[in-house]
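Chemist: One structure, as structure tokens, below. Some questions next.
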Amino acid sequence: MAVLVTGGAGYIGSHTCVELLEKDYEIVVIDNFSNSQPESLKRVSEITGKIFPVIEVDLRNREDVEDIFKQFNIQAVIHFAALKAVGESVTKSLLYYQNNLISLLNILDVMDQYSVQQIVFSSSATVYGDNGRSPLKEETHTGAVNPYGQTKLMAEKILEDLSASNREWKSVILRYFNPVGAHESGKIGEDPGGVPNNLMPYLSQVAVGQRTHLSVFGCDYPTKDGTGVRDYIHIMDLAAGHVKALQFLENNEGCHTFNLGTGKGYSVLEMIHVFQQVTGIPIPYQIVDRRAGDIAECFANPKKAEKHLEWKAVRTLSDMCRDTWRWQSSNPFGYHPQSKMKTKKASGA
Ligand code: NAD
Ligand code: UD1
């Protein structure tokens, strides 16, 4: 019996594969590599000393998904596969609805056909939109403000309706806050293609010398120092949450939603400060205008996951910065070693 990991070559998927293998789960990974490299999964094998099937499948193709269920004895699914760039989702909304929703509908349909009715789904704190005050609880009113967020809200609704229509269907919806960092080995990490949208990958590319400076988007928010506040969570803590979710599914019916965050909010300036302190590398930055669509503050109330999943984030902000830097400095170009750009030497980690 194996756990099927969709989108397992991606950032969160690859780290979760390590955690699953270390907890002795058998896994099968499918991915279309639209936003990842097969190299990440080779490194998962290097870290764990285990090999596992990796199959190139586009989840939009139902027949290919069904072939996986014919070939392997699947017991549960962790569904990471999705497109996730907020800005791109605004300009290519149809692509996002097609990719994220058809993929989900196909996997659910095939699972139903094969009576595999346990799924862990990757949702996002983005479903809270600008509603409610942090710390955000799961029952906070939702409301997405872009097509990416809409796909997550629609997916959550589909899973809720499925469990309501058939109690055999068990699902856990995980709303991630801001995953950062890398596996402690430095062998796998976040490898955004092109210019990173998110803070930590951008900051670490500045540190390694690929970018001249960080732009800090706004300093006039009603926060502790005027810059945006987020709940950054170490990727390995997040990965551990998926194993807990699978265990929870074994004993609980219905559809359940959990925040995965630390419950602590840090500002952009605090992130720069801690990163500099941990790595010893100065991060030049400039304050610029706010980024459209950003909110001032967003952090979780993680109590529900602590109580019901028996899960808690344990790694610190220093751990997140140290591990980000270990990955970035030993893989300046992610999984693409060929680039000739000049980089700084690793230090401090
Ligand atoms: P990622 O892009 O690194 O990984 C997603 C993987 O899915 C990639 O390997 C991609 O190639 C694959 N994929 C996409 N569409 C596919 C398809 N049609 N068929 C097969 N494979 C497909 O992203 P990630 O950061 O690892 O995110 C994983 C999940 O978590 C996504 O659903 C994302 O929306 C969600 N999420 C991510 C974050 C974050 O900050 N990283 C925050 C909240 C939620
Ligand atoms: C982004 C996504 C959100 C997703 C979340 C987690 C957008 C608009 N939102 O949000 O949907 O759920 O990631 O992956 O993309 N910042 C800078 N300079 C930068 C980059 C970011 O100052 O170069 C600031 C931002 O203004 C924000 C903080 O850093 O205050 C974190 O930004 P980011 O990493 O993009 O995450 P979110 O804004 O939470």
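Ordered as shown in the structure tokens, chains take letters A, B, and onward, while each chain numbers its residues from 1 and ligands are numbered from 1 in the order shown.
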Need to verify the contact set: Ser185 (chain A), 8 Å, only C-alpha atoms, exclusion of same-chain residues closer than 6 positions in sequence. Can you return it as a list in words?
Modeler: Ile47, Arg326 and Trp327 of chain A
Chemist: As number ranges by chain, please: the residues near region 64-67 of chain A (cut-off 8 Å, only C-alpha atoms, same-chain neighbours under 3 positions excluded).
Modeler: A: 57-59, 61, 70-71, 106-107, 110
Chemist: Restrict the selected residues to N, CA, C and O atoms and save them as a PDB file, in the first residue's frame.
Modeler:
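As a result, again_12.pdb now contains:
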ATOM      1  N   VAL A  57       3.256  12.494 -15.149  1.00  0.00           N
ATOM      2  CA  VAL A  57       1.818  12.475 -15.462  1.00  0.00           C
ATOM      3  C   VAL A  57       1.298  13.897 -15.348  1.00  0.00           C
ATOM      4  O   VAL A  57       1.632  14.606 -14.413  1.00  0.00           O
ATOM      5  N   ASP A  58       0.479  14.294 -16.315  1.00  0.00           N
ATOM      6  CA  ASP A  58      -0.250  15.555 -16.170  1.00  0.00           C
ATOM      7  C   ASP A  58      -1.639  15.190 -15.649  1.00  0.00           C
ATOM      8  O   ASP A  58      -2.377  14.445 -16.303  1.00  0.00           O
ATOM      9  N   LEU A  59      -1.963  15.713 -14.483  1.00  0.00           N
ATOM     10  CA  LEU A  59      -3.226  15.333 -13.841  1.00  0.00           C
ATOM     11  C   LEU A  59      -4.457  15.775 -14.627  1.00  0.00           C
ATOM     12  O   LEU A  59      -5.569  15.336 -14.341  1.00  0.00           O
ATOM     13  N   ASN A  61      -4.948  14.885 -17.468  1.00  0.00           N
ATOM     14  CA  ASN A  61      -5.266  13.748 -18.328  1.00  0.00           C
ATOM     15  C   ASN A  61      -5.755  12.580 -17.463  1.00  0.00           C
ATOM     16  O   ASN A  61      -4.973  11.861 -16.850  1.00  0.00           O
ATOM     17  N   LYS A  70      -4.224   1.703 -11.612  1.00  0.00           N
ATOM     18  CA  LYS A  70      -4.197   0.317 -12.093  1.00  0.00           C
ATOM     19  C   LYS A  70      -2.878  -0.335 -11.700  1.00  0.00           C
ATOM     20  O   LYS A  70      -2.817  -1.510 -11.360  1.00  0.00           O
ATOM     21  N   GLN A  71      -1.818   0.465 -11.781  1.00  0.00           N
ATOM     22  CA  GLN A  71      -0.460  -0.063 -11.609  1.00  0.00           C
ATOM     23  C   GLN A  71      -0.069  -0.249 -10.139  1.00  0.00           C
ATOM     24  O   GLN A  71       0.668  -1.165  -9.806  1.00  0.00           O
ATOM     25  N   ASN A 106     -10.151  15.218 -11.556  1.00  0.00           N
ATOM     26  CA  ASN A 106      -9.688  13.934 -12.104  1.00  0.00           C
ATOM     27  C   ASN A 106      -9.190  13.005 -10.999  1.00  0.00           C
ATOM     28  O   ASN A 106      -9.548  11.830 -10.971  1.00  0.00           O
ATOM     29  N   ILE A 107      -8.382  13.538 -10.103  1.00  0.00           N
ATOM     30  CA  ILE A 107      -7.828  12.644  -9.070  1.00  0.00           C
ATOM     31  C   ILE A 107      -8.963  12.135  -8.171  1.00  0.00           C
ATOM     32  O   ILE A 107      -9.002  10.951  -7.830  1.00  0.00           O
ATOM     33  N   VAL A 110     -10.991   9.399 -10.053  1.00  0.00           N
ATOM     34  CA  VAL A 110     -10.285   8.110 -10.141  1.00  0.00           C
ATOM     35  C   VAL A 110     -10.199   7.471  -8.751  1.00  0.00           C
ATOM     36  O   VAL A 110     -10.403   6.256  -8.599  1.00  0.00           O
TER      37      VAL A 110
END
Chemist: What lies within 10 Å of Arg291 (chain A) using only C-alpha atoms, ignoring chain neighbours under 6 positions off, as a list in words?
Modeler: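 Answer for this query is Val216, Phe217 and Gly218 of chain A.
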Chemist: Mind writing the picked residues with N, CA, C and O atoms as an mmCIF file, in the first residue's frame?
Modeler:
data_model
loop_
_atom_site.group_PDB
_atom_site.id
_atom_site.type_symbol
_atom_site.label_atom_id
_atom_site.label_comp_id
_atom_site.auth_asym_id
_atom_site.auth_seq_id
_atom_site.Cartn_x
_atom_site.Cartn_y
_atom_site.Cartn_z
ATOM 1 N N VAL A 216 11.708 46.284 -0.530
ATOM 2 C CA VAL A 216 10.754 46.055 0.568
ATOM 3 C C VAL A 216 9.463 46.768 0.180
ATOM 4 O O VAL A 216 9.444 47.991 0.013
ATOM 5 N N PHE A 217 8.396 45.986 0.041
ATOM 6 C CA PHE A 217 7.147 46.526 -0.497
ATOM 7 C C PHE A 217 6.338 47.244 0.583
ATOM 8 O O PHE A 217 5.440 46.664 1.182
ATOM 9 N N GLY A 218 6.645 48.509 0.808
ATOM 10 C CA GLY A 218 5.845 49.339 1.705
ATOM 11 C C GLY A 218 6.371 49.372 3.127
ATOM 12 O O GLY A 218 6.819 48.352 3.659
#
Chemist: What's around Glu88 (chain A) at 10 Å? Count only C-alpha atoms, leave out sequence neighbours fewer than 4 positions away in its own chain, and write the answer as a list in words.
Modeler: Leu83, Lys84, Lys92, Ser93, Leu95, Tyr96, Asn146, Pro147 and Tyr148 of chain A
Chemist: Name the residues, by chain letter and number, that sit within 8 Å of ligand 1 using only C-alpha atoms and all ligand atoms, and give them as a short mmCIF file (atom, residue, chain, number, x, y, z; two decimals) with all heavy atoms, in the first residue's frame.
Modeler:
data_model
loop_
_atom_site.label_atom_id
_atom_site.label_comp_id
_atom_site.auth_asym_id
_atom_site.auth_seq_id
_atom_site.Cartn_x
_atom_site.Cartn_y
_atom_site.Cartn_z
N THR A 6 0.96 13.74 -5.40
CA THR A 6 0.88 14.48 -6.68
C THR A 6 1.67 15.78 -6.51
O THR A 6 1.64 16.39 -5.44
CB THR A 6 -0.57 14.82 -7.08
OG1 THR A 6 -1.02 15.93 -6.31
CG2 THR A 6 -1.51 13.62 -6.89
N GLY A 7 2.39 16.17 -7.54
CA GLY A 7 3.21 17.38 -7.43
C GLY A 7 4.37 17.18 -6.47
O GLY A 7 4.88 18.14 -5.87
N GLY A 8 4.80 15.93 -6.35
CA GLY A 8 5.82 15.59 -5.34
C GLY A 8 7.22 16.09 -5.66
O GLY A 8 8.08 16.07 -4.78
N ALA A 9 7.45 16.55 -6.90
CA ALA A 9 8.78 17.08 -7.22
C ALA A 9 8.93 18.53 -6.82
O ALA A 9 10.02 19.09 -6.84
CB ALA A 9 9.05 16.93 -8.72
N GLY A 10 7.81 19.17 -6.46
CA GLY A 10 7.84 20.59 -6.13
C GLY A 10 8.43 20.86 -4.74
O GLY A 10 8.92 19.96 -4.06
N TYR A 11 8.37 22.13 -4.38
CA TYR A 11 9.01 22.57 -3.12
C TYR A 11 8.45 21.82 -1.90
O TYR A 11 9.19 21.13 -1.19
CB TYR A 11 8.81 24.08 -3.00
CG TYR A 11 9.29 24.70 -1.70
CD1 TYR A 11 10.52 24.36 -1.14
CD2 TYR A 11 8.51 25.66 -1.05
CE1 TYR A 11 10.96 24.96 0.04
CE2 TYR A 11 8.95 26.27 0.12
CZ TYR A 11 10.17 25.90 0.66
OH TYR A 11 10.59 26.49 1.83
N ILE A 12 7.17 21.93 -1.67
CA ILE A 12 6.61 21.31 -0.46
C ILE A 12 6.55 19.80 -0.63
O ILE A 12 6.83 19.03 0.30
CB ILE A 12 5.21 21.90 -0.14
CG1 ILE A 12 5.30 23.43 -0.06
CG2 ILE A 12 4.68 21.33 1.18
CD1 ILE A 12 3.96 24.14 0.10
N GLY A 13 6.21 19.35 -1.85
CA GLY A 13 6.10 17.92 -2.11
C GLY A 13 7.41 17.18 -1.85
O GLY A 13 7.42 16.13 -1.19
N SER A 14 8.52 17.72 -2.34
CA SER A 14 9.79 17.00 -2.20
C SER A 14 10.18 16.87 -0.72
O SER A 14 10.65 15.81 -0.28
CB SER A 14 10.90 17.69 -3.00
OG SER A 14 11.01 19.04 -2.63
N ILE A 30 3.78 11.44 -8.66
CA ILE A 30 3.47 11.86 -10.02
C ILE A 30 3.61 13.38 -10.13
O ILE A 30 3.32 14.11 -9.17
CB ILE A 30 2.08 11.39 -10.52
CG1 ILE A 30 0.94 11.89 -9.63
CG2 ILE A 30 2.04 9.88 -10.64
CD1 ILE A 30 -0.44 11.53 -10.18
N ASP A 31 4.10 13.82 -11.28
CA ASP A 31 4.32 15.25 -11.50
C ASP A 31 4.45 15.47 -13.00
O ASP A 31 4.92 14.56 -13.70
CB ASP A 31 5.63 15.69 -10.80
CG ASP A 31 5.63 17.18 -10.48
OD1 ASP A 31 5.53 17.98 -11.41
OD2 ASP A 31 5.72 17.52 -9.27
N ASN A 32 4.04 16.62 -13.49
CA ASN A 32 4.29 16.90 -14.92
C ASN A 32 5.53 17.79 -15.10
O ASN A 32 5.84 18.19 -16.20
CB ASN A 32 3.06 17.53 -15.60
CG ASN A 32 2.75 18.93 -15.09
OD1 ASN A 32 3.38 19.41 -14.14
ND2 ASN A 32 1.77 19.58 -15.69
N PHE A 33 6.20 18.11 -14.00
CA PHE A 33 7.43 18.91 -14.00
C PHE A 33 7.23 20.29 -14.66
O PHE A 33 8.16 20.86 -15.19
CB PHE A 33 8.60 18.14 -14.64
CG PHE A 33 8.83 16.81 -13.96
CD1 PHE A 33 8.53 15.61 -14.59
CD2 PHE A 33 9.31 16.76 -12.65
CE1 PHE A 33 8.70 14.39 -13.94
CE2 PHE A 33 9.47 15.55 -11.99
CZ PHE A 33 9.17 14.36 -12.64
N SER A 34 6.01 20.80 -14.60
CA SER A 34 5.77 22.13 -15.18
C SER A 34 6.43 23.21 -14.31
O SER A 34 6.74 24.28 -14.80
CB SER A 34 4.27 22.40 -15.31
OG SER A 34 3.63 22.27 -14.05
N ASN A 35 6.62 22.91 -13.02
CA ASN A 35 7.29 23.91 -12.16
C ASN A 35 8.31 23.23 -11.26
O ASN A 35 8.47 23.63 -10.10
CB ASN A 35 6.24 24.66 -11.33
CG ASN A 35 6.81 25.92 -10.72
OD1 ASN A 35 7.61 26.62 -11.35
ND2 ASN A 35 6.44 26.22 -9.49
N SER A 36 8.97 22.20 -11.77
CA SER A 36 9.93 21.47 -10.92
C SER A 36 10.86 20.65 -11.81
O SER A 36 10.65 20.56 -13.02
CB SER A 36 9.19 20.55 -9.96
OG SER A 36 8.33 19.68 -10.70
N GLN A 37 11.84 20.03 -11.17
CA GLN A 37 12.83 19.22 -11.89
C GLN A 37 12.85 17.82 -11.27
O GLN A 37 12.81 17.70 -10.04
CB GLN A 37 14.24 19.81 -11.68
CG GLN A 37 14.38 21.27 -12.00
CD GLN A 37 14.24 21.51 -13.48
OE1 GLN A 37 14.70 20.71 -14.29
NE2 GLN A 37 13.59 22.60 -13.83
N GLU A 56 5.95 10.59 -14.79
CA GLU A 56 5.55 11.88 -15.36
C GLU A 56 4.10 11.78 -15.83
O GLU A 56 3.80 11.03 -16.76
CB GLU A 56 6.48 12.25 -16.53
CG GLU A 56 6.19 13.64 -17.04
CD GLU A 56 7.28 14.16 -17.97
OE1 GLU A 56 8.34 13.54 -18.05
OE2 GLU A 56 7.02 15.20 -18.60
N VAL A 57 3.26 12.49 -15.15
CA VAL A 57 1.82 12.47 -15.46
C VAL A 57 1.30 13.90 -15.35
O VAL A 57 1.63 14.61 -14.41
CB VAL A 57 1.05 11.58 -14.43
CG1 VAL A 57 -0.46 11.77 -14.55
CG2 VAL A 57 1.40 10.11 -14.59
N ASP A 58 0.48 14.29 -16.32
CA ASP A 58 -0.25 15.55 -16.17
C ASP A 58 -1.64 15.19 -15.65
O ASP A 58 -2.38 14.44 -16.30
CB ASP A 58 -0.34 16.28 -17.52
CG ASP A 58 -0.87 17.70 -17.33
OD1 ASP A 58 -1.83 17.87 -16.53
OD2 ASP A 58 -0.33 18.62 -17.95
N LEU A 59 -1.96 15.71 -14.48
CA LEU A 59 -3.23 15.33 -13.84
C LEU A 59 -4.46 15.78 -14.63
O LEU A 59 -5.57 15.34 -14.34
CB LEU A 59 -3.28 15.91 -12.43
CG LEU A 59 -2.47 15.12 -11.41
CD1 LEU A 59 -1.73 16.04 -10.47
CD2 LEU A 59 -3.36 14.18 -10.63
N ARG A 60 -4.25 16.64 -15.61
CA ARG A 60 -5.41 17.03 -16.42
C ARG A 60 -5.82 15.90 -17.35
O ARG A 60 -6.88 15.94 -17.93
CB ARG A 60 -5.08 18.29 -17.22
CG ARG A 60 -5.06 19.53 -16.35
CD ARG A 60 -4.50 20.71 -17.08
NE ARG A 60 -3.08 20.53 -17.39
CZ ARG A 60 -2.31 21.45 -17.93
NH1 ARG A 60 -2.81 22.62 -18.23
NH2 ARG A 60 -1.03 21.22 -18.16
N HIS A 79 -2.35 15.68 -2.25
CA HIS A 79 -2.49 16.39 -3.54
C HIS A 79 -1.87 17.78 -3.46
O HIS A 79 -2.51 18.75 -3.04
CB HIS A 79 -3.97 16.48 -3.90
CG HIS A 79 -4.23 17.10 -5.23
ND1 HIS A 79 -3.63 16.68 -6.40
CD2 HIS A 79 -5.03 18.14 -5.59
CE1 HIS A 79 -4.04 17.42 -7.41
NE2 HIS A 79 -4.89 18.32 -6.93
N PHE A 80 -0.60 17.85 -3.90
CA PHE A 80 0.11 19.14 -3.94
C PHE A 80 -0.03 19.83 -5.30
O PHE A 80 0.12 21.04 -5.40
CB PHE A 80 1.62 18.93 -3.72
CG PHE A 80 2.01 18.49 -2.35
CD1 PHE A 80 2.46 17.19 -2.11
CD2 PHE A 80 1.96 19.37 -1.28
CE1 PHE A 80 2.84 16.79 -0.84
CE2 PHE A 80 2.35 18.98 0.00
CZ PHE A 80 2.78 17.68 0.21
N ALA A 81 -0.20 19.01 -6.36
CA ALA A 81 -0.06 19.54 -7.72
C ALA A 81 -1.00 20.71 -7.98
O ALA A 81 -2.22 20.55 -7.88
CB ALA A 81 -0.30 18.43 -8.74
N ALA A 82 -0.43 21.84 -8.31
CA ALA A 82 -1.22 23.03 -8.66
C ALA A 82 -0.25 24.08 -9.18
O ALA A 82 0.96 24.01 -8.93
CB ALA A 82 -1.97 23.57 -7.45
N LEU A 83 -0.80 25.05 -9.89
CA LEU A 83 -0.03 26.26 -10.21
C LEU A 83 -0.28 27.25 -9.08
O LEU A 83 -1.38 27.31 -8.54
CB LEU A 83 -0.48 26.83 -11.55
CG LEU A 83 -0.21 25.94 -12.77
CD1 LEU A 83 -0.84 26.53 -14.03
CD2 LEU A 83 1.29 25.74 -12.97
N LYS A 84 0.74 28.05 -8.74
CA LYS A 84 0.63 28.82 -7.48
C LYS A 84 1.04 30.30 -7.56
O LYS A 84 1.09 30.96 -6.53
CB LYS A 84 1.46 28.14 -6.40
CG LYS A 84 2.95 28.12 -6.72
CD LYS A 84 3.82 27.72 -5.54
CE LYS A 84 5.28 27.77 -5.89
NZ LYS A 84 6.19 27.50 -4.83
N ASN A 99 -6.00 24.04 -14.74
CA ASN A 99 -4.97 23.19 -14.14
C ASN A 99 -5.35 22.75 -12.73
O ASN A 99 -5.30 21.57 -12.39
CB ASN A 99 -3.63 23.93 -14.11
CG ASN A 99 -2.49 22.99 -13.77
OD1 ASN A 99 -2.06 22.19 -14.60
ND2 ASN A 99 -2.03 23.03 -12.52
N ASN A 100 -5.74 23.71 -11.91
CA ASN A 100 -5.94 23.38 -10.49
C ASN A 100 -7.24 22.63 -10.24
O ASN A 100 -7.29 21.75 -9.38
CB ASN A 100 -5.87 24.66 -9.65
CG ASN A 100 -4.47 25.27 -9.66
OD1 ASN A 100 -3.58 24.76 -10.33
ND2 ASN A 100 -4.28 26.36 -8.94
N SER A 103 -7.40 19.04 -12.51
CA SER A 103 -6.51 18.07 -11.84
C SER A 103 -7.18 17.49 -10.60
O SER A 103 -7.16 16.29 -10.37
CB SER A 103 -5.21 18.76 -11.39
OG SER A 103 -4.48 19.17 -12.50
N PHE A 121 -5.21 17.74 1.21
CA PHE A 121 -5.20 18.76 0.16
C PHE A 121 -4.43 20.00 0.60
O PHE A 121 -4.61 20.50 1.72
CB PHE A 121 -6.64 19.14 -0.22
CG PHE A 121 -6.69 20.26 -1.21
CD1 PHE A 121 -6.35 20.03 -2.54
CD2 PHE A 121 -7.04 21.54 -0.82
CE1 PHE A 121 -6.36 21.07 -3.47
CE2 PHE A 121 -7.05 22.59 -1.74
CZ PHE A 121 -6.71 22.34 -3.07
N SER A 122 -3.61 20.53 -0.31
CA SER A 122 -2.83 21.76 -0.07
C SER A 122 -3.68 22.98 -0.32
O SER A 122 -3.91 23.35 -1.47
CB SER A 122 -1.67 21.85 -1.07
OG SER A 122 -0.78 20.81 -0.93
N SER A 123 -4.12 23.63 0.74
CA SER A 123 -4.77 24.93 0.58
C SER A 123 -3.81 26.00 1.09
O SER A 123 -2.62 25.72 1.31
CB SER A 123 -6.11 24.97 1.28
OG SER A 123 -6.79 26.16 0.93
N SER A 124 -4.32 27.20 1.26
CA SER A 124 -3.42 28.32 1.55
C SER A 124 -4.12 29.34 2.44
O SER A 124 -5.34 29.50 2.36
CB SER A 124 -3.05 28.98 0.22
OG SER A 124 -2.46 30.23 0.43
N ALA A 125 -3.32 30.06 3.20
CA ALA A 125 -3.86 31.17 4.00
C ALA A 125 -4.45 32.25 3.11
O ALA A 125 -5.19 33.10 3.59
CB ALA A 125 -2.75 31.76 4.87
N THR A 126 -4.15 32.17 1.83
CA THR A 126 -4.69 33.15 0.89
C THR A 126 -6.22 33.11 0.87
O THR A 126 -6.86 34.10 0.52
CB THR A 126 -4.09 32.94 -0.52
OG1 THR A 126 -4.24 34.13 -1.27
CG2 THR A 126 -4.70 31.78 -1.26
N TYR A 148 -6.01 32.44 -8.32
CA TYR A 148 -5.32 31.37 -7.59
C TYR A 148 -6.08 31.04 -6.30
O TYR A 148 -6.39 29.89 -6.00
CB TYR A 148 -3.87 31.77 -7.28
CG TYR A 148 -3.20 30.89 -6.24
CD1 TYR A 148 -2.87 29.57 -6.55
CD2 TYR A 148 -2.93 31.37 -4.96
CE1 TYR A 148 -2.28 28.75 -5.60
CE2 TYR A 148 -2.33 30.56 -4.01
CZ TYR A 148 -2.01 29.24 -4.33
OH TYR A 148 -1.44 28.43 -3.38
N LYS A 152 -8.37 27.62 -4.78
CA LYS A 152 -8.23 26.95 -3.48
C LYS A 152 -9.58 26.91 -2.76
O LYS A 152 -9.95 25.89 -2.17
CB LYS A 152 -7.18 27.68 -2.60
CG LYS A 152 -5.76 27.57 -3.13
CD LYS A 152 -5.27 26.14 -3.17
CE LYS A 152 -3.88 25.99 -3.75
NZ LYS A 152 -3.52 24.60 -4.07
N ARG A 175 -4.30 24.54 5.40
CA ARG A 175 -4.08 25.92 4.95
C ARG A 175 -2.69 26.35 5.41
O ARG A 175 -2.49 26.64 6.61
CB ARG A 175 -5.15 26.84 5.54
CG ARG A 175 -6.52 26.59 4.94
CD ARG A 175 -7.57 27.50 5.56
NE ARG A 175 -8.88 27.26 4.95
CZ ARG A 175 -10.02 27.62 5.50
NH1 ARG A 175 -10.03 28.26 6.66
NH2 ARG A 175 -11.17 27.38 4.89
N TYR A 176 -1.76 26.35 4.45
CA TYR A 176 -0.38 26.71 4.79
C TYR A 176 -0.27 28.22 4.94
O TYR A 176 -0.82 28.96 4.13
CB TYR A 176 0.59 26.32 3.68
CG TYR A 176 0.49 24.91 3.14
CD1 TYR A 176 0.76 24.68 1.80
CD2 TYR A 176 0.15 23.83 3.94
CE1 TYR A 176 0.70 23.41 1.26
CE2 TYR A 176 0.08 22.54 3.41
CZ TYR A 176 0.35 22.35 2.07
OH TYR A 176 0.28 21.09 1.53
N PHE A 177 0.53 28.66 5.88
CA PHE A 177 0.88 30.08 5.95
C PHE A 177 2.11 30.29 5.04
O PHE A 177 2.02 29.98 3.87
CB PHE A 177 0.96 30.54 7.43
CG PHE A 177 -0.45 30.80 7.92
CD1 PHE A 177 -1.36 29.75 8.06
CD2 PHE A 177 -0.92 32.09 8.12
CE1 PHE A 177 -2.71 29.98 8.39
CE2 PHE A 177 -2.25 32.34 8.46
CZ PHE A 177 -3.14 31.29 8.59
N ASN A 178 3.24 30.76 5.51
CA ASN A 178 4.32 31.06 4.55
C ASN A 178 5.47 30.07 4.68
O ASN A 178 6.38 30.28 5.50
CB ASN A 178 4.82 32.48 4.75
CG ASN A 178 3.81 33.51 4.27
OD1 ASN A 178 2.70 33.56 4.79
ND2 ASN A 178 4.17 34.31 3.29
N PRO A 179 5.47 29.00 3.87
CA PRO A 179 6.54 28.01 3.99
C PRO A 179 7.88 28.58 3.50
O PRO A 179 7.94 29.17 2.42
CB PRO A 179 6.10 26.88 3.03
CG PRO A 179 4.73 27.22 2.57
CD PRO A 179 4.51 28.67 2.82
N VAL A 180 8.91 28.41 4.30
CA VAL A 180 10.26 28.87 3.93
C VAL A 180 11.28 27.84 4.43
O VAL A 180 10.94 26.90 5.14
CB VAL A 180 10.60 30.26 4.54
CG1 VAL A 180 9.67 31.35 4.01
CG2 VAL A 180 10.57 30.24 6.06
N GLU A 190 13.81 25.41 -2.12
CA GLU A 190 12.88 26.08 -3.04
C GLU A 190 13.65 26.56 -4.25
O GLU A 190 14.67 27.22 -4.11
CB GLU A 190 12.20 27.27 -2.31
CG GLU A 190 11.11 27.88 -3.14
CD GLU A 190 10.23 28.84 -2.35
OE1 GLU A 190 10.59 29.20 -1.21
OE2 GLU A 190 9.18 29.25 -2.90
N ASP A 191 13.12 26.25 -5.44
CA ASP A 191 13.82 26.58 -6.68
C ASP A 191 12.86 27.29 -7.63
O ASP A 191 12.38 26.70 -8.60
CB ASP A 191 14.33 25.26 -7.31
CG ASP A 191 15.10 25.49 -8.59
OD1 ASP A 191 15.57 26.62 -8.82
OD2 ASP A 191 15.21 24.53 -9.38
N PRO A 192 12.57 28.57 -7.36
CA PRO A 192 11.59 29.26 -8.20
C PRO A 192 12.20 29.54 -9.57
O PRO A 192 13.36 29.95 -9.66
CB PRO A 192 11.33 30.56 -7.44
CG PRO A 192 12.56 30.78 -6.61
CD PRO A 192 13.16 29.44 -6.33
N ASN A 198 8.29 35.64 -4.02
CA ASN A 198 8.18 35.59 -2.56
C ASN A 198 9.43 36.10 -1.87
O ASN A 198 10.52 36.10 -2.43
CB ASN A 198 7.83 34.17 -2.10
CG ASN A 198 6.49 33.71 -2.65
OD1 ASN A 198 6.43 32.78 -3.45
ND2 ASN A 198 5.42 34.37 -2.29
#
Chemist: When you count only C-alpha atoms and all ligand atoms, which of these residues is closest to ligand 2: A:Ile295, A:Leu246, A:Met320, A:Leu136?
Modeler: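 Of A:Ile295, A:Leu246, A:Met320, A:Leu136, the one nearest ligand 2, counting only C-alpha atoms and all ligand atoms, is A:Ile295.
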Chemist: From a backbone DSSP assignment, name each residue in region 62-281 of chain A labelled strand (DSSP E), as JSON, numbers by chain.
Modeler: {"A": [74, 75, 76, 77, 78, 79, 118, 119, 120, 121, 122, 123, 124, 170, 171, 172, 173, 174, 175, 176, 178, 179, 180, 214, 215, 216, 217, 229, 230, 232, 233, 234, 254, 255, 256, 257, 258, 259, 260, 266, 267]}
Chemist: Name the residues in contact with Leu21 (chain A) at a cut-off of 10 Å, using only C-alpha atoms, excluding same-chain residues fewer than 3 positions from it; report them as an MDAnalysis selection string.
Modeler: chainID A and resid 16:18 24:27 44:45 47:52
Chemist: Please list as a list in words every residue within 12 Å of His308 (chain A), counting only C-alpha atoms and excluding residues in the same chain fewer than 6 positions away.
Modeler: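 In the requested format, the answer is Val172, Gly241, Lys244, Ala245, Gln247, Phe248, Leu249, Asn251, Asn252, His256, Thr257, Phe258, Asn259 and Pro302 of chain A.
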Chemist: For each of A:Val127, A:Met236, A:Ala155, A:Cys219, take the minimum atom-to-atom distance to Ala182 (chain A), counting only C-alpha atoms, then give the residue where this is smallest.
Modeler: A:Met236
Chemist: Nearest to ligand 2: which of A:Leu199, A:Ile287, A:Ala2, A:Val278 is it, counting only C-alpha atoms and all ligand atoms?
Modeler: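 Checking each candidate against ligand 2, we get A:Leu199 as the closest.
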Chemist: Restricting the calculation to only C-alpha atoms and all ligand atoms: of A:Gly87, A:Gly228, A:Gly261, A:Gly334, which residue gets closest to ligand 2?
Modeler: A:Gly228
Chemist: Measuring between only C-alpha atoms, which one of A:Asn301, A:Ser204, A:Gln328, A:Thr262 shows the shortest distance to Gln276 (chain A)?
Modeler: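 Of A:Asn301, A:Ser204, A:Gln328, A:Thr262, the one nearest Gln276 (chain A), counting only C-alpha atoms, is A:Ser204.
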Chemist: CA of Leu4 (chain A) and CA of Lys42 (chain A), how far apart in Å?
Modeler: 17.1 Å
Chemist: With distances taken over only C-alpha atoms and all ligand atoms, which residue among A:Tyr285, A:Tyr202, A:Phe299, A:Tyr114 lies nearest ligand 2?
Modeler: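 The closest residue to ligand 2 is A:Tyr202.
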